[in-house]
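*Asks:* Take a look at this one; I'll ask things after.
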Amino acid sequence: MESIENIGIIGSGLIGRSWAMIFASAGYKVTIYDIEEKLVNSALEEIKTQLLKLESDKTLRGKLSAAEQIQLIDGCNHLKTIVQKSSFLQECIPERINLKKDLYKQIDQVIGDKTIISTSTSTFLPSLLSEDLTHRNNFIVSHPVNPPYFVPLVEIVPAPWTESWVAEATRDLMQKVGQAPIVLKKEVPGFALNRVQYAILNECFNLIEDGLVSVEDIDKVMTEGLGMRYAFLGPLETAHLNAEGFKNYTERYAESMYAVSKTFKPIPKITGPVAENIDQQLVKLTPVDKLPARRIWRDESLVKLSQLKRNN
């Protein structure tokens with residue numbers, strides 16, 4: 001397995017900029033690409049501003065100073081150049097299948113045999129994205145959680161033909177830059193995070209549709225209940241600790257869990273009047289014009305939580 005040195009970020013939006021900052025924090029040379037020079041320059045300025053602010057707030061990742069990290073990141077608007085100079089490509093363009101496939105077709109013509117093509121997609125299976133590529137064995141999903149700089153989970157998902165060294169090298173890279181990678185054994189729609197997230201959202205929707213709880217209160221179930229412990233323990237270890245081990249937990253609660261689960265309604269489609277009602281309640285709690293400020297609060301809270309977890 002060859003070592004990864006130069007990182008290429010394709011797409012200069014929020015996720016691309018976050019990836020560039022993450023890789024630079026660990027000392028990697030990073031080139032960020034977009035189709036227009038002005039987009040690249042804008043991204044570099046935004047990255048510089050963010051890194052300096054993070055340093056000022058004492059929340060900068062890594063051992064390098066903001067100035068040192070800024071020096072590690074440059075820009076490019078020539079696709080062939082960034083592909084040929086990078087040993088790892090992280091694609092972050094919009095979630096449009098035709099856009100992605102057209103991009104991969106161009107990459108495929110100039111990429112080296114040992115360069116990894118990684119996509120940030122949260123929507124598409126890697127087999128769908130890479131099925132027509134000559135270098136499809138080098139293709140993998142590295143799906144981050146938004147915002148990636150503050151939430152470390154990365155879902156690594158191989159296509160059926162992805163070579164094992166690609167998954168191993170990608171996982172190793174993510175660990176080196178301070179992310180928390182998981183590797184799925186094979187691809188599945190929604191990967192792992194969204195499958196769990198959708199199960200939660202579906203039951204929240206059903207409880208609200210049945211008039212059993214308000215939007216504010218069902219969110220409180222997470223923020224003041226499950227989320228408090230899930231920030232440090234997963235649901236399986238939580239069950240393990242809530243009894244004398246997981247086996248004992250199932251002996252105590254398997255029947256009641258099954259009985260409750262049988263009362264679940266069919267999977268809902270989260271649209272229509274109930275979705276509108278949820279939206280109205282959420283807008284009352286956080287008006288749309290207050291969303292940017294609320295996102296900043298979210299990110300600052302995630303920084304504090306990540307610091308607490310690192311020191312725990």
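Just remember, in the structure tokens the first chain shown is A, the second B, etc., residues are 1-based per chain, and ligands are 1-based in the order shown.
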Within 7 Å of Glu155 (chain A), counting only C-alpha atoms, which residues show up once you throw out same-chain ones fewer than 4 positions away? Write them as a count of residues only, please.
*Replies:* 6
*Asks:* Could you give me, as number ranges by chain, each residue of region 88-275 of chain A that DSSP assigns to helix (DSSP H, G or I) when run on this structure's backbone?
*Replies:* A: 97-108, 126-130, 136-138, 164-176, 193-209, 215-230, 235-241, 246-261, 272-275
*Asks:* Using Å and a single decimal, report how far CA of Tyr258 (chain A) sits from CA of Leu241 (chain A).
*Replies:*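 A separation of 20.1 Å between them.
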*Asks:* Give the strand (DSSP E) residues of region 69-311 of chain A, as DSSP finds them on the backbone, and put them as a PyMOL selection string.
*Replies:* chain A and resi 73-76+88-91+116-119+139-144+153-158+180-183
*Asks:* Please list as a ChimeraX atom specification every residue within 6 Å of region 116-122 of chain A, counting only C-alpha atoms and excluding residues in the same chain fewer than 2 positions away.
*Replies:* /A:88-92,138-143
*Asks:* Which polymer residues have any atom within 12 Å of an atom of Met222 (chain A), counting only C-alpha atoms, with same-chain residues fewer than 4 positions away left out, as a PyMOL selection string?
*Replies:* chain A and resi 197+200-201+204+215-218+226-231
*Asks:* May I have the residues within 12 Å of region 268-275 of chain A as a PyMOL selection string, using only C-alpha atoms and disregarding those fewer than 2 positions away in the same chain?
*Replies:* chain A and resi 198-211+214-215+264-266+277-282
